[in-house]
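Chemist: What follows is data39.tsv, TSV, C-alpha atoms and all ligand atoms.
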```tsv
chain	number	residue	atom	x	y	z
A	23	MET	CA	8.16	17.30	-24.03
A	24	LYS	CA	11.42	17.14	-22.07
A	25	GLN	CA	11.21	20.91	-21.56
A	26	LEU	CA	7.66	20.60	-20.25
A	27	VAL	CA	8.70	17.90	-17.77
A	28	PHE	CA	11.60	20.10	-16.63
A	29	TRP	CA	9.33	23.08	-15.94
A	30	VAL	CA	6.72	20.98	-14.16
A	31	VAL	CA	9.39	19.49	-11.87
A	32	LEU	CA	10.99	22.89	-11.28
A	33	LEU	CA	7.64	24.44	-10.44
A	34	ALA	CA	6.88	21.65	-8.00
A	35	TRP	CA	10.11	22.42	-6.16
A	36	LEU	CA	9.59	26.15	-6.15
A	37	ILE	CA	6.00	26.28	-4.91
A	38	PRO	CA	6.36	26.36	-1.15
A	39	CYS	CA	4.62	23.76	0.96
A	40	GLN	CA	2.31	25.29	3.48
A	41	SER	CA	1.83	24.72	7.14
A	42	ARG	CA	-0.36	21.64	6.85
A	43	ALA	CA	2.65	19.77	5.54
A	44	GLN	CA	3.79	19.75	9.14
A	45	ASN	CA	1.67	16.63	9.44
A	46	LYS	CA	4.88	15.07	8.16
A	47	THR	CA	3.52	13.19	5.25
A	48	GLN	CA	5.35	9.88	5.00
A	49	VAL	CA	6.25	7.62	2.12
A	50	ILE	CA	5.03	4.12	1.37
A	51	ALA	CA	6.83	2.24	-1.41
A	52	HIS	CA	4.20	0.77	-3.75
A	53	ARG	CA	4.95	-2.97	-4.13
A	54	GLY	CA	8.29	-2.30	-2.45
A	55	TYR	CA	11.16	-0.37	-3.99
A	56	TRP	CA	11.21	-2.10	-7.33
A	57	GLN	CA	12.55	0.52	-9.75
A	58	THR	CA	16.12	-0.51	-9.32
A	59	GLU	CA	18.39	-3.22	-10.64
A	60	GLY	CA	17.71	-6.73	-9.38
A	61	SER	CA	14.34	-5.81	-7.94
A	62	ALA	CA	10.77	-6.55	-9.02
A	63	HIS	CA	7.22	-5.73	-7.88
A	64	ASN	CA	6.37	-7.53	-4.67
A	65	SER	CA	9.74	-9.24	-4.41
A	66	ILE	CA	11.58	-9.80	-1.17
A	67	LYS	CA	14.40	-7.76	-2.70
A	68	ALA	CA	11.97	-4.85	-3.15
A	69	LEU	CA	11.02	-5.09	0.53
A	70	GLN	CA	14.66	-5.08	1.56
A	71	LEU	CA	15.43	-2.09	-0.67
A	72	ALA	CA	12.40	-0.19	0.66
A	73	ASN	CA	13.72	-0.76	4.15
A	74	ASP	CA	17.20	0.37	3.08
A	75	ILE	CA	15.89	3.77	1.98
A	76	ASN	CA	14.02	4.25	5.28
A	77	VAL	CA	10.51	4.64	3.98
A	78	TYR	CA	7.67	4.50	6.49
A	79	GLY	CA	6.23	1.40	4.89
A	80	SER	CA	6.47	-1.07	2.04
A	81	GLU	CA	3.24	-2.15	0.37
A	82	PHE	CA	2.60	-5.65	-1.00
A	83	ASP	CA	-0.31	-7.69	-2.39
A	84	VAL	CA	-1.58	-10.96	-0.99
A	85	HIS	CA	-3.72	-13.69	-2.57
A	86	LEU	CA	-4.85	-16.93	-0.98
A	87	THR	CA	-4.34	-20.02	-3.13
A	88	ALA	CA	-7.06	-22.68	-3.45
A	89	ASP	CA	-5.31	-24.72	-0.74
A	90	ASN	CA	-5.13	-21.68	1.55
A	91	ILE	CA	-1.50	-20.65	1.21
A	92	PRO	CA	-1.12	-16.85	1.13
A	93	VAL	CA	1.31	-15.68	-1.56
A	94	ILE	CA	2.66	-12.28	-2.58
A	95	PHE	CA	1.75	-11.23	-6.11
A	96	HIS	CA	-0.20	-8.40	-7.68
A	97	ASP	CA	-2.11	-9.75	-10.67
A	98	ASP	CA	-4.87	-12.35	-10.64
A	99	LYS	CA	-2.84	-14.58	-12.95
A	100	ILE	CA	0.81	-15.55	-13.13
A	101	LEU	CA	1.41	-16.07	-16.84
A	102	ASP	CA	-2.00	-17.64	-17.59
A	103	ILE	CA	-2.39	-19.43	-14.28
A	104	PRO	CA	-5.06	-18.01	-11.94
A	105	VAL	CA	-3.44	-17.63	-8.53
A	106	GLN	CA	-6.50	-18.04	-6.32
A	107	ALA	CA	-7.83	-21.07	-8.21
A	108	SER	CA	-4.50	-22.90	-8.12
A	109	ASN	CA	-2.89	-24.94	-5.41
A	110	TYR	CA	0.39	-23.55	-4.15
A	111	SER	CA	2.29	-26.47	-5.71
A	112	ASP	CA	1.08	-25.29	-9.15
A	113	ILE	CA	2.71	-21.87	-8.81
A	114	MET	CA	5.54	-22.36	-6.35
A	115	ASP	CA	8.24	-22.60	-9.02
A	116	LEU	CA	7.08	-19.61	-11.07
A	117	LYS	CA	9.38	-16.63	-10.92
A	118	LEU	CA	9.19	-12.88	-10.66
A	119	THR	CA	11.05	-10.80	-13.23
A	120	ASN	CA	14.12	-10.59	-10.96
A	121	GLY	CA	14.38	-14.38	-10.74
A	122	GLU	CA	12.89	-14.79	-7.26
A	123	LYS	CA	10.22	-17.41	-6.80
A	124	ILE	CA	6.75	-16.07	-5.93
A	125	PRO	CA	7.16	-15.39	-2.20
A	126	THR	CA	4.82	-16.99	0.27
A	127	LEU	CA	3.44	-14.66	2.91
A	128	GLU	CA	5.27	-16.64	5.55
A	129	LYS	CA	8.64	-16.14	3.86
A	130	TYR	CA	7.87	-12.47	3.23
A	131	LEU	CA	6.82	-11.76	6.81
A	132	ASN	CA	9.84	-13.55	8.19
A	133	LYS	CA	12.01	-11.16	6.19
A	134	GLY	CA	9.85	-8.21	7.19
A	135	LYS	CA	10.39	-9.11	10.81
A	136	ILE	CA	14.02	-8.01	10.69
A	137	TYR	CA	13.32	-4.71	8.97
A	138	ASN	CA	12.21	-1.39	10.43
A	139	CYS	CA	9.65	-0.40	7.81
A	140	GLN	CA	5.98	-1.04	8.33
A	141	LEU	CA	4.41	-3.86	6.34
A	142	ILE	CA	1.53	-2.41	4.35
A	143	PHE	CA	-0.46	-5.54	3.69
A	144	GLU	CA	-2.97	-5.38	0.83
A	145	LEU	CA	-5.37	-8.29	0.95
A	146	LYS	CA	-6.62	-8.70	-2.61
A	147	PRO	CA	-10.31	-9.37	-3.33
A	148	HIS	CA	-11.26	-13.04	-3.61
A	149	ALA	CA	-14.08	-14.75	-5.51
A	150	THR	CA	-16.74	-14.92	-2.78
A	151	PRO	CA	-17.46	-13.32	0.61
A	152	GLU	CA	-16.50	-16.63	2.21
A	153	ARG	CA	-13.12	-16.69	0.48
A	154	ASN	CA	-12.54	-13.05	1.44
A	155	ARG	CA	-13.20	-13.88	5.07
A	156	LYS	CA	-11.11	-17.04	4.88
A	157	ALA	CA	-8.20	-15.06	3.40
A	158	ALA	CA	-8.45	-12.55	6.24
A	159	GLN	CA	-8.53	-15.34	8.83
A	160	VAL	CA	-5.47	-17.14	7.45
A	161	CYS	CA	-3.49	-13.92	7.11
A	162	VAL	CA	-4.28	-12.45	10.53
A	163	LYS	CA	-3.40	-15.77	12.16
A	164	MET	CA	-0.03	-15.82	10.41
A	165	VAL	CA	0.74	-12.20	11.32
A	166	THR	CA	-0.22	-12.92	14.93
A	167	ASP	CA	1.72	-16.18	15.13
A	168	LEU	CA	4.83	-14.35	13.91
A	169	GLY	CA	4.31	-11.52	16.42
A	170	LEU	CA	4.03	-8.89	13.71
A	171	GLN	CA	0.80	-7.21	14.80
A	172	ASP	CA	2.47	-3.85	15.46
A	173	LYS	CA	4.36	-3.82	12.17
A	174	THR	CA	1.45	-4.81	9.95
A	175	GLU	CA	-1.14	-2.39	8.56
A	176	TYR	CA	-3.93	-3.81	6.44
A	177	ILE	CA	-5.49	-2.32	3.33
A	178	THR	CA	-8.18	-3.80	1.10
A	179	PHE	CA	-10.67	-3.01	-1.66
A	180	ASP	CA	-13.08	-5.62	-0.34
A	181	LEU	CA	-15.58	-4.82	2.40
A	182	ASP	CA	-16.05	-8.43	3.55
A	183	ALA	CA	-12.30	-8.78	3.93
A	184	GLY	CA	-12.08	-5.39	5.62
A	185	LYS	CA	-14.79	-6.17	8.17
A	186	GLU	CA	-13.18	-9.50	8.95
A	187	LEU	CA	-9.76	-7.88	9.41
A	188	ILE	CA	-11.32	-5.34	11.77
A	189	ARG	CA	-13.07	-8.12	13.72
A	190	LEU	CA	-10.02	-10.38	13.96
A	191	ALA	CA	-7.34	-7.75	14.55
A	192	PRO	CA	-8.78	-5.18	16.92
A	193	GLY	CA	-6.27	-2.40	17.37
A	194	ALA	CA	-4.71	-2.94	13.94
A	195	GLN	CA	-4.65	-0.25	11.30
A	196	VAL	CA	-7.17	-1.25	8.62
A	197	SER	CA	-7.79	1.11	5.70
A	198	TYR	CA	-10.21	0.89	2.82
A	199	LEU	CA	-9.04	1.32	-0.78
A	200	ASN	CA	-12.10	1.43	-2.97
A	201	GLY	CA	-12.88	5.13	-2.73
A	202	ASP	CA	-16.68	4.79	-2.59
A	203	LEU	CA	-17.23	5.38	1.15
A	204	SER	CA	-17.05	8.66	3.06
A	205	PRO	CA	-14.88	9.06	6.16
A	206	ALA	CA	-18.06	8.93	8.30
A	207	GLN	CA	-19.09	5.62	6.75
A	208	LEU	CA	-15.60	4.17	7.23
A	209	LYS	CA	-15.47	5.29	10.85
A	210	GLU	CA	-18.86	3.73	11.50
A	211	MET	CA	-17.61	0.39	10.14
A	212	GLY	CA	-14.48	0.44	12.27
A	213	PHE	CA	-11.87	1.28	9.66
A	214	THR	CA	-8.95	3.33	10.97
A	215	GLY	CA	-8.15	5.06	7.71
A	216	LEU	CA	-8.88	5.70	4.09
A	217	ASP	CA	-6.41	4.81	1.36
A	218	TYR	CA	-7.81	6.33	-1.82
A	219	ASN	CA	-6.68	7.02	-5.35
A	220	HIS	CA	-5.61	10.63	-5.87
A	221	SER	CA	-8.48	11.15	-8.33
A	222	VAL	CA	-10.98	10.28	-5.57
A	223	MET	CA	-9.40	12.80	-3.21
A	224	LYS	CA	-9.49	15.41	-5.96
A	225	GLU	CA	-13.20	14.78	-6.36
A	226	HIS	CA	-13.76	14.93	-2.58
A	227	PRO	CA	-11.38	17.53	-1.17
A	228	GLU	CA	-13.67	17.80	1.87
A	229	TRP	CA	-12.65	14.27	2.89
A	230	PHE	CA	-9.25	15.53	4.07
A	231	ASP	CA	-10.87	17.55	6.85
A	232	GLU	CA	-13.59	15.01	7.55
A	233	ALA	CA	-11.09	12.20	7.94
A	234	LYS	CA	-8.89	14.34	10.22
A	235	LYS	CA	-11.82	15.25	12.44
A	236	MET	CA	-12.71	11.59	12.81
A	237	GLY	CA	-9.16	10.52	13.55
A	238	LEU	CA	-8.84	8.49	10.36
A	239	SER	CA	-5.47	8.29	8.62
A	240	ILE	CA	-5.24	9.46	5.02
A	241	ASN	CA	-3.14	7.57	2.50
A	242	VAL	CA	-3.24	8.46	-1.20
A	243	TRP	CA	-2.15	6.17	-4.08
A	244	THR	CA	-0.37	5.84	-6.45
A	245	VAL	CA	1.25	9.25	-6.63
A	246	ASN	CA	4.24	9.57	-8.95
A	247	ASP	CA	3.96	13.23	-9.91
A	248	PRO	CA	6.20	15.57	-7.85
A	249	ALA	CA	3.73	18.47	-7.99
A	250	LEU	CA	0.91	16.23	-6.81
A	251	ILE	CA	2.99	14.80	-3.98
A	252	LYS	CA	3.56	18.33	-2.77
A	253	GLU	CA	-0.08	19.28	-3.15
A	254	LEU	CA	-1.29	16.25	-1.21
A	255	ALA	CA	1.19	16.97	1.57
A	256	ARG	CA	-0.18	20.50	1.71
A	257	LYS	CA	-3.70	19.17	1.97
A	258	GLY	CA	-2.78	16.98	4.91
A	259	ALA	CA	-2.22	13.46	3.55
A	260	ASP	CA	-0.54	11.33	6.19
A	261	PHE	CA	0.93	8.94	3.63
A	262	ILE	CA	1.77	8.93	-0.05
A	263	THR	CA	2.00	5.56	-1.75
A	264	THR	CA	4.37	5.89	-4.69
A	265	ASP	CA	6.54	4.10	-7.23
A	266	ILE	CA	9.23	6.80	-6.77
A	267	PRO	CA	9.92	6.59	-3.02
A	268	VAL	CA	13.36	8.21	-3.07
A	269	GLU	CA	12.16	11.22	-5.05
A	270	ALA	CA	9.07	11.47	-2.86
A	271	GLN	CA	11.20	11.52	0.29
A	272	GLY	CA	13.25	14.37	-1.20
A	273	ILE	CA	10.16	16.38	-2.06
A	274	LEU	CA	8.56	15.82	1.33
A	275	SER	CA	11.69	16.64	3.28
A	276	GLN	CA	11.76	20.00	1.49
A	277	CYS	CA	8.15	20.51	2.51
A	278	THR	CA	8.84	19.97	6.18
A	279	GLU	CA	11.93	22.17	6.16
A	280	GLN	CA	10.01	25.23	4.97
B	301	MG	MG	-1.41	-3.15	-3.95
```
What would you get if you wrote out this structure as structure tokens?
Modeler:
Amino acid sequence: MKQLVFWVVLLAWLIPCQSRAQNKTQVIAHRGYWQTEGSAHNSIKALQLANDINVYGSEFDVHLTADNIPVIFHDDKILDIPVQASNYSDIMDLKLTNGEKIPTLEKYLNKGKIYNCQLIFELKPHATPERNRKAAQVCVKMVTDLGLQDKTEYITFDLDAGKELIRLAPGAQVSYLNGDLSPAQLKEMGFTGLDYNHSVMKEHPEWFDEAKKMGLSINVWTVNDPALIKELARKGADFITTDIPVEAQGILSQCTEQ
């Protein structure tokens, strides 16, 4: 097995990237840079570490609590407590695996303000269209109040949330995650990009060209295989969202040097 991994990695380095890699594919750290000591998914430490390694952006996940406080966490539940059905006071003392308390969006954005990396803001789906729109409203207001419009790029699986983000934040980057709409459909709805799983882009290789022609950005998630990172760069992905940001930067810098 180890031998197989070695040859796959070696092959990925040896196969030259081609000219389309000159798009300069950039790296987004998935849930921050968390694969290092003292860090954890969606922690403020992971945001800081992502900034330290100079990635383009650091991705994070946002839920709105029942009393309308946006918090940073990936799963629907913390332990067995449903995030969106709880008041903030019910979850505020719960901790991430690195010991940090669950960050509020406000705390997270205030940290993000001092960093250079873009804030790749995933608004998680909520229980109803109304809650999706409410979540978008609360979040856009907070981003605007903190003056972070230019540093914040929104992504979402939910169409109601996406449409509300587009309506409330004209000029912002808003990309769709769910993989079920073509570039033409996304453009028509006002999205500025697609952010699709690599399996979707494998199924629809024509979407690379279609998206480019329409001026949509292309982000592909979650890509942790060196050979695939290289292949997606070759196909023209603008961004790779990955759990191995340092390795991805190394692979992509080789691509652009050739
Ligand atoms: Mg996410």
Chemist: Name the residues in contact with Glu128 of chain A at a cut-off of 12 Å, using all atoms listed in the file, excluding same-chain residues fewer than 6 positions from it; report them as a list in words.
Modeler: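 Result of the neighbour search: Ile66, Val84, Ile91, Pro92, Val93, Ile94, Gly134, Lys135, Val160, Cys161, Val162, Lys163, Met164, Val165, Thr166, Asp167, Leu168 and Leu170 of chain A.
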Chemist: Can you list every residue of chain A that has an atom at most 10 Å from ligand MG 301 (chain B), with its nearest atom pair and the distance in Å to one decimal, using all atoms listed in the file, ordered by chain then number, as a tab-separated table?
Modeler:
```
residue	atom	partner	partner_atom	distance
A:His52	CA	B:MG301	MG	6.8
A:Arg53	CA	B:MG301	MG	6.4
A:Gly54	CA	B:MG301	MG	9.9
A:His63	CA	B:MG301	MG	9.8
A:Asn64	CA	B:MG301	MG	9.0
A:Glu81	CA	B:MG301	MG	6.4
A:Phe82	CA	B:MG301	MG	5.6
A:Asp83	CA	B:MG301	MG	4.9
A:Val84	CA	B:MG301	MG	8.4
A:Phe95	CA	B:MG301	MG	8.9
A:His96	CA	B:MG301	MG	6.6
A:Asp97	CA	B:MG301	MG	9.4
A:Ile142	CA	B:MG301	MG	8.8
A:Phe143	CA	B:MG301	MG	8.1
A:Glu144	CA	B:MG301	MG	5.5
A:Leu145	CA	B:MG301	MG	8.1
A:Lys146	CA	B:MG301	MG	7.7
A:Ile177	CA	B:MG301	MG	8.4
A:Thr178	CA	B:MG301	MG	8.5
A:Phe179	CA	B:MG301	MG	9.5
A:Leu199	CA	B:MG301	MG	9.4
A:Trp243	CA	B:MG301	MG	9.4
A:Thr244	CA	B:MG301	MG	9.4
A:Thr263	CA	B:MG301	MG	9.6
```
Chemist: So what do you get for atom CA of Phe230 of chain A versus atom CA of Gly258 of chain A, distance-wise?
Modeler: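 Interatomic distance, atom CA of Phe230 of chain A to atom CA of Gly258 of chain A: 6.7 Å.
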Chemist: Could you name the residues that touch Lys46 of chain A at 9 Å or less, counting only C-alpha atoms, but leaving out those on the same chain fewer than 5 positions away, as a PyMOL selection string?
Modeler: chain A and resi 255+258-261+274-275+277-278
Chemist: Which residue out of A:Val222, A:Leu190, A:Leu131, A:Met236 has the minimum interatomic distance to Glu210 of chain A when only C-alpha atoms are used?
Modeler: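 Distance minimum relative to Glu210 of chain A lands on A:Met236.
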Chemist: Write out as number ranges by chain the residues lying within 7 Å of Val49 of chain A, counting all atoms listed in the file and excluding same-chain residues fewer than 2 positions away.
Modeler: A: 47, 51, 77-79, 261-263, 267, 270-271
Chemist: Have a look at atom CA of Ser61 of chain A and atom CA of Ile266 of chain A and let me know their distance in Å, one decimal.
Modeler: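 These two atoms are separated by 13.7 Å.
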Chemist: Please measure the separation of atom CA of Lys156 of chain A and atom CA of Ala194 of chain A, giving the value in Å to one decimal.
Modeler: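 Between atom CA of Lys156 of chain A and atom CA of Ala194 of chain A the gap is 17.9 Å.
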